[in-house]
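Engineer: model.txt is reproduced below (compact mmCIF, C-alpha atoms).
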```txt
# COMPACT_ATOMS: atom_id res chain seq x y z
CA MET A 1 -34.82 13.43 8.21
CA SER A 2 -38.43 12.50 7.30
CA SER A 3 -39.66 11.90 3.77
CA ASN A 4 -41.95 14.96 4.20
CA LYS A 5 -38.90 17.17 4.66
CA LEU A 6 -37.10 15.46 1.80
CA SER A 7 -40.05 15.96 -0.53
CA SER A 8 -39.46 19.71 -0.65
CA GLU A 9 -35.88 19.38 -1.84
CA ILE A 10 -33.87 18.65 -4.97
CA PHE A 11 -31.06 16.11 -4.79
CA PHE A 12 -27.88 15.89 -6.83
CA CYS A 13 -24.46 14.24 -6.92
CA GLN A 14 -21.16 16.02 -7.43
CA ASN A 15 -17.61 14.67 -7.56
CA VAL A 16 -18.96 11.18 -7.04
CA ILE A 17 -18.14 8.11 -9.07
CA CYS A 18 -19.97 4.77 -9.04
CA ARG A 19 -18.62 1.49 -10.34
CA LYS A 20 -19.48 -2.18 -10.39
CA VAL A 21 -16.45 -4.24 -9.38
CA GLY A 22 -16.97 -8.00 -9.49
CA ASP A 23 -20.42 -8.52 -8.00
CA ASP A 24 -20.22 -5.40 -5.84
CA PHE A 25 -21.33 -1.83 -6.35
CA LEU A 26 -18.89 0.82 -5.16
CA ALA A 27 -18.96 4.57 -4.91
CA TYR A 28 -16.30 7.15 -4.12
CA SER A 29 -16.89 10.70 -2.97
CA ALA A 30 -14.07 13.09 -3.75
CA PHE A 31 -15.78 15.50 -1.34
CA THR A 32 -15.28 13.34 1.77
CA GLY A 33 -12.77 10.79 0.42
CA ASP A 34 -15.16 8.04 1.50
CA THR A 35 -15.42 4.77 -0.43
CA VAL A 36 -18.52 2.66 0.20
CA ILE A 37 -20.05 -0.61 -0.93
CA LEU A 38 -23.60 0.05 -2.07
CA THR A 39 -26.73 -2.05 -2.30
CA TYR A 40 -28.16 -2.30 -5.79
CA PHE A 41 -30.93 0.08 -4.73
CA SER A 42 -28.53 2.80 -3.52
CA PHE A 43 -26.36 2.25 -6.61
CA CYS A 44 -29.41 2.96 -8.79
CA THR A 45 -30.31 5.99 -6.68
CA LEU A 46 -26.82 7.46 -7.07
CA ASN A 47 -26.75 6.74 -10.78
CA TYR A 48 -30.06 8.55 -11.34
CA LEU A 49 -28.74 11.53 -9.41
CA LEU A 50 -25.45 11.48 -11.31
CA ALA A 51 -27.43 11.78 -14.53
CA GLU A 52 -29.69 14.65 -13.36
CA LYS A 53 -30.96 16.63 -10.37
CA LEU A 54 -34.17 15.06 -9.06
CA SER A 55 -36.76 15.65 -6.39
CA PHE A 56 -37.81 12.93 -3.95
CA SER A 57 -40.99 12.16 -5.88
CA GLN A 58 -39.11 12.05 -9.20
CA LEU A 59 -36.61 9.62 -7.68
CA LEU A 60 -39.43 7.50 -6.25
CA LYS A 61 -40.97 7.25 -9.67
CA LYS A 62 -37.72 6.24 -11.34
CA LEU A 63 -36.92 3.66 -8.66
CA PHE A 64 -40.39 2.12 -8.75
CA ASP A 65 -39.27 -0.43 -11.35
CA GLU A 66 -36.12 -1.41 -9.40
CA GLU A 67 -37.80 -2.31 -6.12
CA LYS A 68 -40.35 -5.09 -5.74
CA ASP A 69 -41.45 -4.05 -2.24
CA THR A 70 -43.23 -0.88 -3.27
CA ASP A 71 -44.91 -0.45 0.15
CA ASN A 72 -41.58 0.34 1.75
CA LEU A 73 -40.08 2.17 -1.19
CA SER A 74 -40.50 5.61 0.31
CA VAL A 75 -38.99 4.51 3.65
CA THR A 76 -36.09 2.77 1.92
CA LEU A 77 -35.39 5.79 -0.26
CA THR A 78 -35.56 8.18 2.72
CA HIS A 79 -33.04 6.03 4.60
CA THR A 80 -30.77 5.69 1.55
CA ILE A 81 -30.76 9.43 0.85
CA ASN A 82 -30.05 10.29 4.49
CA GLU A 83 -27.13 7.85 4.65
CA LEU A 84 -25.64 9.09 1.40
CA ILE A 85 -26.04 12.74 2.43
CA LYS A 86 -24.19 12.02 5.69
CA ARG A 87 -21.28 10.49 3.78
CA GLY A 88 -21.01 13.23 1.18
CA PHE A 89 -22.41 11.33 -1.80
CA ILE A 90 -25.66 13.26 -2.22
CA PHE A 91 -26.25 16.98 -1.83
CA GLN A 92 -29.55 18.76 -1.40
CA SER A 93 -30.94 22.12 -2.34
CA LEU A 94 -34.35 23.69 -1.97
CA ALA A 95 -36.70 23.09 -4.86
CA MET K 1 32.99 5.18 13.68
CA LYS K 2 32.93 8.48 11.83
CA SER K 3 34.84 9.13 8.64
CA LYS K 4 34.66 11.57 5.73
CA SER K 5 31.13 11.95 4.38
CA LYS K 6 30.38 9.62 1.47
CA GLU K 7 27.64 9.91 -1.15
CA ILE K 8 26.00 6.96 -2.88
CA LEU K 9 23.42 7.56 -5.62
CA LEU K 10 21.20 4.49 -5.82
CA GLN K 11 18.56 3.60 -8.38
CA ILE K 12 15.80 2.13 -6.20
CA GLY K 13 12.83 1.16 -8.34
CA PRO K 14 11.66 4.26 -10.21
CA PHE K 15 13.45 6.57 -7.76
CA SER K 16 17.00 7.89 -7.65
CA VAL K 17 18.05 8.20 -4.04
CA LEU K 18 21.13 10.05 -2.90
CA LEU K 19 22.40 8.69 0.41
CA GLU K 20 25.00 10.71 2.24
CA SER K 21 26.65 9.54 5.42
CA SER K 22 29.90 9.77 7.31
CA LEU K 23 29.02 6.69 9.36
CA CYS K 24 30.94 3.56 8.36
CA ALA K 25 28.13 1.31 9.62
CA VAL K 26 25.70 2.84 7.13
CA ILE K 27 28.07 2.68 4.17
CA GLU K 28 29.05 -0.92 4.98
CA SER K 29 25.40 -2.02 5.24
CA VAL K 30 24.57 -0.34 1.92
CA ASN K 31 27.61 -1.93 0.27
CA ASN K 32 26.48 -5.32 1.57
CA LEU K 33 22.69 -5.20 1.03
CA TYR K 34 22.60 -3.01 -2.09
CA ALA K 35 25.64 -4.70 -3.70
CA ASP K 36 23.72 -5.70 -6.87
CA PHE K 37 22.00 -2.35 -7.36
CA THR K 38 22.84 0.18 -10.04
CA ILE K 39 25.00 2.92 -8.58
CA LEU K 40 24.33 6.09 -10.55
CA THR K 41 26.94 8.71 -11.26
CA LYS K 42 26.04 12.10 -9.87
CA SER K 43 25.76 14.69 -12.59
CA PRO K 44 24.09 18.07 -13.02
CA VAL K 45 21.64 16.61 -15.56
CA LEU K 46 20.57 13.68 -13.39
CA PHE K 47 17.54 14.44 -11.24
CA THR K 48 17.72 13.09 -7.72
CA ASP K 49 14.31 12.27 -6.26
CA PHE K 50 15.38 12.16 -2.62
CA HIS K 51 18.44 13.23 -0.69
CA ILE K 52 18.80 11.39 2.62
CA ARG K 53 21.66 12.13 4.97
CA ILE K 54 22.30 9.90 7.96
CA ASP K 55 24.71 11.38 10.46
CA ARG K 56 25.36 11.85 14.13
CA ALA K 57 22.85 14.10 15.86
CA ASN K 58 24.21 17.50 16.84
CA PHE K 59 26.42 17.92 19.88
CA TYR K 60 23.64 18.82 22.36
CA ARG K 61 21.40 15.97 21.22
CA GLY K 62 24.25 13.51 21.47
CA TYR K 63 25.75 14.83 24.68
CA CYS K 64 24.35 12.11 26.97
CA ARG K 65 24.43 9.25 24.50
CA SER K 66 25.37 8.86 20.85
CA GLN K 67 22.45 9.46 18.56
CA VAL K 68 21.86 9.50 14.84
CA GLN K 69 19.70 11.87 12.82
CA CYS K 70 18.02 11.42 9.45
CA TYR K 71 18.07 14.53 7.25
CA ILE K 72 15.63 14.39 4.36
CA ASP K 73 16.23 17.06 1.76
CA GLY K 74 17.93 19.01 4.56
CA LYS K 75 15.03 18.71 7.01
CA THR K 76 14.73 16.54 10.12
CA PRO K 77 11.19 15.12 10.28
CA PHE K 78 12.07 12.58 13.00
CA LYS K 79 13.52 12.53 16.48
CA PRO K 80 17.06 11.09 16.60
CA LEU K 81 17.62 7.39 17.28
CA PRO K 82 20.43 5.51 19.04
CA LEU K 83 23.56 5.55 16.91
CA ASP K 84 23.53 1.79 16.33
CA GLN K 85 20.20 2.14 14.42
CA ALA K 86 21.75 4.34 11.73
CA PHE K 87 21.12 1.99 8.80
CA PRO K 88 17.51 1.11 9.75
CA PHE K 89 16.98 4.87 10.06
CA PHE K 90 17.92 5.21 6.37
CA GLU K 91 15.42 2.49 5.43
CA TRP K 92 12.64 4.02 7.55
CA GLY K 93 13.45 7.48 6.24
CA LEU K 94 13.22 6.21 2.69
CA ASN K 95 9.84 4.54 3.40
CA TRP K 96 8.56 7.81 4.83
CA VAL K 97 9.81 10.05 2.06
CA ILE K 98 8.30 7.85 -0.66
CA ALA K 99 4.98 7.39 1.17
CA SER K 100 4.56 11.08 1.92
CA HIS K 101 5.94 12.70 -1.25
CA VAL K 102 5.16 10.43 -4.19
CA HIS K 103 1.69 11.20 -5.50
CA TYR K 104 2.24 10.38 -9.15
CA TYR K 105 1.84 6.67 -8.35
CA LEU K 106 -0.78 4.96 -6.21
CA LEU K 107 1.02 3.54 -3.16
CA VAL K 108 -0.40 0.72 -1.06
CA HIS K 109 1.28 -0.60 2.08
CA ALA K 110 1.91 -4.17 0.96
CA ALA K 111 4.54 -6.76 0.16
CA VAL K 112 4.73 -7.61 -3.54
CA VAL K 113 6.21 -10.54 -5.44
CA GLU K 114 5.88 -11.81 -9.01
CA LYS K 115 5.98 -15.13 -10.83
CA ASP K 116 5.47 -15.93 -14.53
CA GLY K 117 4.48 -12.33 -15.19
CA HIS K 118 1.77 -12.23 -12.52
CA VAL K 119 2.01 -10.08 -9.42
CA LEU K 120 0.89 -11.17 -5.95
CA ILE K 121 0.06 -8.32 -3.57
CA LEU K 122 0.21 -9.23 0.13
CA CYS K 123 -1.58 -6.53 2.03
CA GLY K 124 -2.22 -6.28 5.73
CA LYS K 125 -1.63 -4.63 9.04
CA PRO K 126 1.86 -4.60 10.58
CA GLY K 127 2.49 -7.98 12.22
CA ALA K 128 0.20 -9.88 9.85
CA GLY K 129 3.21 -11.79 8.50
CA LYS K 130 3.37 -10.25 5.03
CA SER K 131 7.13 -9.54 5.08
CA THR K 132 7.88 -13.08 6.28
CA LEU K 133 5.70 -14.53 3.55
CA CYS K 134 7.22 -12.19 0.99
CA ALA K 135 10.78 -13.14 2.05
CA ALA K 136 9.93 -16.86 1.94
CA LEU K 137 8.37 -16.60 -1.52
CA SER K 138 11.25 -14.51 -2.87
CA CYS K 139 13.65 -17.24 -1.68
CA HIS K 140 11.56 -19.84 -3.54
CA GLY K 141 11.35 -18.68 -7.13
CA TRP K 142 9.23 -15.54 -6.83
CA ARG K 143 10.69 -12.20 -7.91
CA LEU K 144 10.71 -9.57 -5.19
CA PHE K 145 9.03 -6.27 -6.07
CA SER K 146 8.88 -4.77 -2.57
CA ASP K 147 8.23 -5.78 1.01
CA GLU K 148 6.97 -2.30 1.87
CA MET K 149 4.65 -0.94 -0.79
CA ALA K 150 2.89 -1.70 -4.02
CA VAL K 151 3.75 1.07 -6.47
CA ILE K 152 0.96 1.29 -9.04
CA ASP K 153 1.21 3.19 -12.33
CA LEU K 154 -1.91 5.36 -12.55
CA VAL K 155 -1.95 5.28 -16.35
CA THR K 156 -1.23 1.64 -17.21
CA ASN K 157 -2.14 0.09 -13.82
CA GLU K 158 1.08 -1.93 -13.91
CA ILE K 159 2.88 -2.67 -10.66
CA ILE K 160 6.34 -1.10 -10.62
CA PRO K 161 9.14 -2.95 -8.82
CA CYS K 162 10.75 -1.03 -5.97
CA VAL K 163 13.23 -3.66 -4.86
CA ARG K 164 14.97 -3.08 -1.54
CA PRO K 165 16.23 -5.25 1.31
CA VAL K 166 13.40 -7.04 3.13
CA SER K 167 12.97 -5.87 6.70
CA LEU K 168 12.42 -8.88 8.98
CA LYS K 169 11.63 -8.70 12.65
CA ASN K 170 12.14 -10.95 15.67
CA LYS K 171 11.37 -14.64 15.04
CA ALA K 172 10.98 -14.09 11.29
CA ILE K 173 14.76 -13.62 10.99
CA ASP K 174 15.51 -17.17 12.24
CA ILE K 175 12.54 -18.65 10.37
CA ILE K 176 13.79 -17.33 7.01
CA SER K 177 17.43 -18.22 7.82
CA GLU K 178 16.37 -21.82 8.49
CA LEU K 179 14.03 -21.98 5.49
CA SER K 180 16.62 -20.60 3.05
CA PRO K 181 20.12 -21.14 4.47
CA GLY K 182 21.86 -19.31 1.57
CA THR K 183 20.08 -16.04 2.27
CA VAL K 184 22.31 -13.05 3.07
CA PHE K 185 21.31 -10.94 6.06
CA GLY K 186 22.65 -7.64 7.25
CA VAL K 187 23.42 -6.70 10.84
CA SER K 188 20.87 -7.60 13.55
CA TYR K 189 19.60 -4.49 15.33
CA LYS K 190 18.28 -5.16 18.81
CA ASP K 191 15.88 -3.01 20.83
CA THR K 192 14.49 -1.03 17.91
CA ALA K 193 10.89 0.24 18.10
CA LYS K 194 9.95 -2.94 16.24
CA GLY K 195 12.06 -5.34 18.34
CA THR K 196 15.05 -7.08 16.79
CA LEU K 197 15.39 -6.20 13.14
CA SER K 198 17.51 -7.49 10.29
CA HIS K 199 17.46 -6.86 6.53
CA MET K 200 17.47 -9.65 3.99
CA LYS K 201 19.46 -8.96 0.84
CA PRO K 202 17.20 -9.18 -2.23
CA SER K 203 18.10 -11.79 -4.84
CA LYS K 204 20.30 -10.74 -7.76
CA TYR K 205 17.50 -11.87 -10.11
CA SER K 206 15.05 -9.46 -8.45
CA VAL K 207 17.49 -6.56 -8.57
CA GLU K 208 18.55 -7.18 -12.17
CA ASN K 209 14.90 -7.27 -13.28
CA GLY K 210 14.02 -4.22 -11.23
CA ASP K 211 12.68 -2.37 -14.28
CA VAL K 212 10.35 -5.17 -15.44
CA ARG K 213 6.78 -4.28 -14.50
CA ALA K 214 3.80 -6.64 -14.39
CA PHE K 215 0.07 -6.64 -13.70
CA ALA K 216 -1.53 -7.73 -10.44
CA LYS K 217 -3.18 -11.15 -10.54
CA TRP K 218 -3.76 -11.87 -6.87
CA VAL K 219 -4.53 -9.65 -3.90
CA VAL K 220 -4.14 -11.52 -0.62
CA PHE K 221 -4.66 -10.39 2.97
CA PRO K 222 -2.45 -12.74 5.01
CA GLN K 223 -2.69 -13.32 8.74
CA TYR K 224 -0.12 -15.39 10.58
CA LYS K 225 -1.70 -17.26 13.50
CA HIS K 226 0.30 -19.70 15.60
CA GLY K 227 -0.87 -23.27 14.98
CA ALA K 228 -3.49 -22.26 12.40
CA ALA K 229 -4.26 -24.53 9.48
CA THR K 230 -3.47 -23.08 6.07
CA SER K 231 -6.68 -21.53 4.80
CA LEU K 232 -7.46 -19.44 1.74
CA LYS K 233 -10.90 -17.84 1.50
CA GLU K 234 -12.19 -15.79 -1.38
CA LEU K 235 -12.82 -12.15 -0.54
CA SER K 236 -15.37 -10.02 -2.36
CA LYS K 237 -13.90 -7.51 -4.80
CA GLY K 238 -15.79 -4.65 -3.18
CA GLN K 239 -14.32 -5.46 0.23
CA THR K 240 -10.87 -5.82 -1.38
CA VAL K 241 -11.08 -2.27 -2.80
CA ILE K 242 -12.11 -0.96 0.63
CA GLU K 243 -9.23 -2.76 2.38
CA LEU K 244 -6.63 -1.67 -0.19
CA ALA K 245 -7.87 1.92 0.11
CA LYS K 246 -7.46 1.73 3.91
CA ASN K 247 -3.88 0.52 3.44
CA SER K 248 -2.97 3.08 0.81
CA PHE K 249 -0.64 5.95 1.63
CA ASN K 250 -2.08 8.37 -0.90
CA TYR K 251 -5.49 7.07 -2.05
CA ASN K 252 -7.31 10.17 -0.85
CA SER K 253 -4.74 12.55 -2.33
CA LEU K 254 -5.37 10.99 -5.73
CA GLY K 255 -9.16 11.30 -5.54
CA ILE K 256 -11.17 9.70 -8.33
CA GLN K 257 -7.98 8.64 -10.13
CA GLY K 258 -6.98 6.55 -7.10
CA PHE K 259 -10.45 4.97 -6.86
CA ASN K 260 -10.47 4.03 -10.55
CA SER K 261 -6.95 2.66 -10.36
CA LEU K 262 -7.79 0.42 -7.37
CA CYS K 263 -11.04 -0.75 -8.98
CA ASP K 264 -9.22 -1.66 -12.21
CA LEU K 265 -6.51 -3.50 -10.27
CA VAL K 266 -9.02 -5.48 -8.23
CA GLU K 267 -11.23 -6.21 -11.24
CA GLY K 268 -8.36 -8.09 -12.85
CA SER K 269 -7.30 -9.96 -9.70
CA HIS K 270 -8.30 -12.93 -7.60
CA CYS K 271 -8.85 -11.73 -4.03
CA TYR K 272 -8.38 -13.79 -0.87
CA GLU K 273 -8.02 -13.79 2.89
CA PHE K 274 -5.24 -16.13 3.95
CA GLU K 275 -4.48 -17.61 7.36
CA TYR K 276 -1.32 -19.61 7.94
CA SER K 277 1.28 -20.86 10.37
CA ASP K 278 3.35 -23.16 8.13
CA LEU K 279 5.49 -21.31 5.58
CA ASN K 280 6.20 -24.40 3.45
CA GLU K 281 2.47 -25.02 3.05
CA ALA K 282 2.00 -21.35 2.22
CA ILE K 283 4.70 -21.47 -0.48
CA SER K 284 3.10 -24.59 -2.08
CA LEU K 285 -0.31 -22.96 -2.00
CA PHE K 286 0.86 -19.74 -3.64
CA ASP K 287 2.75 -21.72 -6.31
CA GLY K 288 -0.58 -23.29 -7.26
CA LEU K 289 -2.80 -20.20 -7.27
CA PRO K 290 -5.18 -20.01 -10.24
CA VAL K 291 -4.17 -17.58 -12.98
```
Any chance you could give the structure as structure tokens?
Structural biologist:
Amino acid sequence: MSSNKLSSEIFFCQNVICRKVGDDFLAYSAFTGDTVILTYFSFCTLNYLLAEKLSFSQLLKKLFDEEKDTDNLSVTLTHTINELIKRGFIFQSLA
Amino acid sequence: MKSKSKEILLQIGPFSVLLESSLCAVIESVNNLYADFTILTKSPVLFTDFHIRIDRANFYRGYCRSQVQCYIDGKTPFKPLPLDQAFPFFEWGLNWVIASHVHYYLLVHAAVVEKDGHVLILCGKPGAGKSTLCAALSCHGWRLFSDEMAVIDLVTNEIIPCVRPVSLKNKAIDIISELSPGTVFGVSYKDTAKGTLSHMKPSKYSVENGDVRAFAKWVVFPQYKHGAATSLKELSKGQTVIELAKNSFNYNSLGIQGFNSLCDLVEGSHCYEFEYSDLNEAISLFDGLPV
């Protein structure tokens, strides 16, 4: 899914829990029963969406401070959202 | 040989298990391997968690050759087995009934031992050598909790002992007999689905302390490899949670509660991958694990 398509949608998390265990970031989706190890970036993404529903541009803005490589931020976020949607960690609805 | 049906109500870890059988071989094996266990008295006020009956399969099933059937709470979830595998059938039936019915504890397929109040969880695929390692450690000062599953209290995160005979297969039987000559073994069952099988009687110390819980301190994924040097490598906690979840019987049934329980357990533990071929070296290494 392209970032253009994603930009028209609102993202949210439901029945998902994130935790830091040792040096690792983990998340569990009660929807799919999947447990995954997250990068710090995807951990931040999930945590923002656990706190509130956000659009792609709102997420980009919030993540701006977390990621040094701002040129690729949009690409990284698109990839992260797509992966987490596939695994049942993020849900989408039309804005 | 068939005789009048006999009932034995055993306290096995947190479970009360009613075994019923008319087969002498089953009763004799239980009397031998469960000799130190608490035998409960059946009463209307005592709740029985599982009722397992081991008896000859019906006439038509047993027409060509003698077979045994395992009845769990009156149902027959398995195909019959040859009659001489009656006692292993009880043990397998008990594994199955706990793994598939108990969802008030988190259950992980693992061997578990304890020393000085700290629990060592040995988790891995069948054939990884966890039962052999568990048997060797329990013959050398470690308290046996289980060679089949880690039973984890979802509220306190303590590990609950579920002491039973240790099921050893093939070469492991001779290895443990040689390593600990005083160890009591039950009958050797040949040509089972897992090869030759024999059960090691748990130590009296382990059985008598069967209600003493403890917290996990080490989670280890052992792998026996012929000729391999003893090697212990740290494993990331994230990967440990993933591996324990894969080896859990009911992680997904428990949902977020199961995830939190595993994370808490791993957070408080040292986590390793362990490769070995020499049991004496393995015992020395585990005796010196950091607390």
Engineer: Using all atoms listed in the file, I'd like every residue of chain A that has an atom within 7 Å of chain K; please write them out as an NGL selection string.
Structural biologist: :A and (21-22 or 24-26 or 28 or 30 or 33 or 35 or 37)
Engineer: Can you pull out the residues contacting A:Leu63? Cut-off 12 Å, using only C-alpha atoms, and skip same-chain residues under 4 positions away; I want them as a tab-separated table (two decimals) with C-alpha atoms, in the frame of the given file.
Structural biologist:
```tsv
chain	number	residue	atom	x	y	z
A	40	TYR	CA	-28.16	-2.30	-5.79
A	41	PHE	CA	-30.93	0.08	-4.73
A	42	SER	CA	-28.53	2.80	-3.52
A	43	PHE	CA	-26.36	2.25	-6.61
A	44	CYS	CA	-29.41	2.96	-8.79
A	45	THR	CA	-30.31	5.99	-6.68
A	46	LEU	CA	-26.82	7.46	-7.07
A	47	ASN	CA	-26.75	6.74	-10.78
A	48	TYR	CA	-30.06	8.55	-11.34
A	49	LEU	CA	-28.74	11.53	-9.41
A	54	LEU	CA	-34.17	15.06	-9.06
A	56	PHE	CA	-37.81	12.93	-3.95
A	57	SER	CA	-40.99	12.16	-5.88
A	58	GLN	CA	-39.11	12.05	-9.20
A	59	LEU	CA	-36.61	9.62	-7.68
A	67	GLU	CA	-37.80	-2.31	-6.12
A	68	LYS	CA	-40.35	-5.09	-5.74
A	69	ASP	CA	-41.45	-4.05	-2.24
A	70	THR	CA	-43.23	-0.88	-3.27
A	72	ASN	CA	-41.58	0.34	1.75
A	73	LEU	CA	-40.08	2.17	-1.19
A	74	SER	CA	-40.50	5.61	0.31
A	76	THR	CA	-36.09	2.77	1.92
A	77	LEU	CA	-35.39	5.79	-0.26
```
Engineer: Quick one: distance from atom CA of K:Asp49 to atom CA of K:Lys169 in Å, one decimal?
Structural biologist: 28.4 Å
Engineer: Write out as a PDB file with C-alpha atoms, in the coordinates of the input which residues come within 6 Å of K:Ala111 when counting only C-alpha atoms, dropping same-chain ones fewer than 2 positions away.
Structural biologist:
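In the end it all went to selection-v1.pdb:
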```
ATOM      1  CA  LEU K 122       0.210  -9.230   0.130  1.00  0.00           C
ATOM      2  CA  SER K 146       8.880  -4.770  -2.570  1.00  0.00           C
ATOM      3  CA  ASP K 147       8.230  -5.780   1.010  1.00  0.00           C
ATOM      4  CA  GLU K 148       6.970  -2.300   1.870  1.00  0.00           C
ATOM      5  CA  MET K 149       4.650  -0.940  -0.790  1.00  0.00           C
TER       6      MET K 149
END
```
Engineer: Just want the 6 Å neighbourhood of stretch 7-14 of chain A, counted on only C-alpha atoms, with same-chain residues fewer than 5 positions away dropped. Output as a list of chain:residue names.
Structural biologist: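 The filter keeps A:Leu49, A:Leu50, A:Lys53, A:Leu54, A:Ser55, A:Phe56, A:Ile90, A:Phe91, A:Gln92, A:Ser93, A:Leu94, A:Ala95.
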Engineer: For K:Arg56, which of K:Ala110, K:Leu83, K:Leu168, K:Leu40 is the closest residue, counting all atoms listed in the file?
Structural biologist: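 Result for the nearest residue to K:Arg56: K:Leu83.
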Engineer: What separation in Å, quoted to one decimal, exists between atom CA of K:Leu106 and atom CA of K:Phe78?
Structural biologist: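 That distance, rounded to one decimal, is 24.3 Å.
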Engineer: I want to know what sits within 12 Å of K:Glu7, based on all atoms listed in the file, with residues of the same chain fewer than 5 positions away left out; could you give that as a ChimeraX atom specification?
Structural biologist: /K:17-24,26-27,30-31,39-42,51-54
Engineer: May I ask which of the residues K:Val163, K:Cys139, K:Ile12, K:Leu120 is the closest one to K:Val291, counting only C-alpha atoms?
Structural biologist: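 For K:Val291, the nearest of the given residues is K:Leu120.
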Engineer: K:Phe87: which residues within 8 Å, counting all atoms listed in the file, same-chain residues fewer than 3 positions away excluded, as a list in words?
Structural biologist: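 Everything that qualifies: Ala25, Val26, Ser29, Asp84, Phe90 and Glu91 of chain K.
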Engineer: Because the input lacks atoms here, generate N, CA and C atoms for stretch 32-48 of chain A and report them as a PDB file, keeping the file's coordinate frame.
Structural biologist:
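Written out: rebuild-v2.pdb:
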```
ATOM      1  N   THR A  32     -15.660  13.827   0.430  1.00  0.00           N
ATOM      2  CA  THR A  32     -15.280  13.340   1.770  1.00  0.00           C
ATOM      3  C   THR A  32     -14.132  12.335   1.728  1.00  0.00           C
ATOM      4  N   GLY A  33     -13.799  11.823   0.541  1.00  0.00           N
ATOM      5  CA  GLY A  33     -12.770  10.790   0.420  1.00  0.00           C
ATOM      6  C   GLY A  33     -13.268   9.420   0.855  1.00  0.00           C
ATOM      7  N   ASP A  34     -14.577   9.297   1.034  1.00  0.00           N
ATOM      8  CA  ASP A  34     -15.160   8.040   1.500  1.00  0.00           C
ATOM      9  C   ASP A  34     -15.397   7.082   0.322  1.00  0.00           C
ATOM     10  N   THR A  35     -15.090   5.804   0.544  1.00  0.00           N
ATOM     11  CA  THR A  35     -15.420   4.770  -0.430  1.00  0.00           C
ATOM     12  C   THR A  35     -16.405   3.827   0.237  1.00  0.00           C
ATOM     13  N   VAL A  36     -17.510   3.516  -0.435  1.00  0.00           N
ATOM     14  CA  VAL A  36     -18.520   2.660   0.200  1.00  0.00           C
ATOM     15  C   VAL A  36     -18.971   1.563  -0.764  1.00  0.00           C
ATOM     16  N   ILE A  37     -19.402   0.449  -0.150  1.00  0.00           N
ATOM     17  CA  ILE A  37     -20.050  -0.610  -0.930  1.00  0.00           C
ATOM     18  C   ILE A  37     -21.550  -0.320  -0.858  1.00  0.00           C
ATOM     19  N   LEU A  38     -22.185  -0.308  -2.010  1.00  0.00           N
ATOM     20  CA  LEU A  38     -23.600   0.050  -2.070  1.00  0.00           C
ATOM     21  C   LEU A  38     -24.482  -1.168  -2.317  1.00  0.00           C
ATOM     22  N   THR A  39     -25.726  -1.060  -1.869  1.00  0.00           N
ATOM     23  CA  THR A  39     -26.730  -2.050  -2.300  1.00  0.00           C
ATOM     24  C   THR A  39     -27.096  -1.677  -3.744  1.00  0.00           C
ATOM     25  N   TYR A  40     -27.757  -2.595  -4.418  1.00  0.00           N
ATOM     26  CA  TYR A  40     -28.160  -2.300  -5.790  1.00  0.00           C
ATOM     27  C   TYR A  40     -29.095  -1.095  -5.823  1.00  0.00           C
ATOM     28  N   PHE A  41     -29.965  -1.016  -4.807  1.00  0.00           N
ATOM     29  CA  PHE A  41     -30.930   0.080  -4.730  1.00  0.00           C
ATOM     30  C   PHE A  41     -30.222   1.439  -4.600  1.00  0.00           C
ATOM     31  N   SER A  42     -29.229   1.516  -3.694  1.00  0.00           N
ATOM     32  CA  SER A  42     -28.530   2.800  -3.520  1.00  0.00           C
ATOM     33  C   SER A  42     -27.649   3.113  -4.731  1.00  0.00           C
ATOM     34  N   PHE A  43     -27.142   2.064  -5.376  1.00  0.00           N
ATOM     35  CA  PHE A  43     -26.360   2.250  -6.610  1.00  0.00           C
ATOM     36  C   PHE A  43     -27.236   2.903  -7.688  1.00  0.00           C
ATOM     37  N   CYS A  44     -28.479   2.394  -7.812  1.00  0.00           N
ATOM     38  CA  CYS A  44     -29.410   2.960  -8.790  1.00  0.00           C
ATOM     39  C   CYS A  44     -29.750   4.412  -8.431  1.00  0.00           C
ATOM     40  N   THR A  45     -29.976   4.637  -7.134  1.00  0.00           N
ATOM     41  CA  THR A  45     -30.310   5.990  -6.680  1.00  0.00           C
ATOM     42  C   THR A  45     -29.197   6.970  -7.063  1.00  0.00           C
ATOM     43  N   LEU A  46     -27.956   6.584  -6.746  1.00  0.00           N
ATOM     44  CA  LEU A  46     -26.820   7.460  -7.070  1.00  0.00           C
ATOM     45  C   LEU A  46     -26.698   7.683  -8.567  1.00  0.00           C
ATOM     46  N   ASN A  47     -26.886   6.605  -9.328  1.00  0.00           N
ATOM     47  CA  ASN A  47     -26.750   6.740 -10.780  1.00  0.00           C
ATOM     48  C   ASN A  47     -27.798   7.672 -11.386  1.00  0.00           C
ATOM     49  N   TYR A  48     -29.031   7.616 -10.861  1.00  0.00           N
ATOM     50  CA  TYR A  48     -30.060   8.550 -11.340  1.00  0.00           C
ATOM     51  C   TYR A  48     -29.663   9.990 -11.030  1.00  0.00           C
TER      52      TYR A  48
END
```
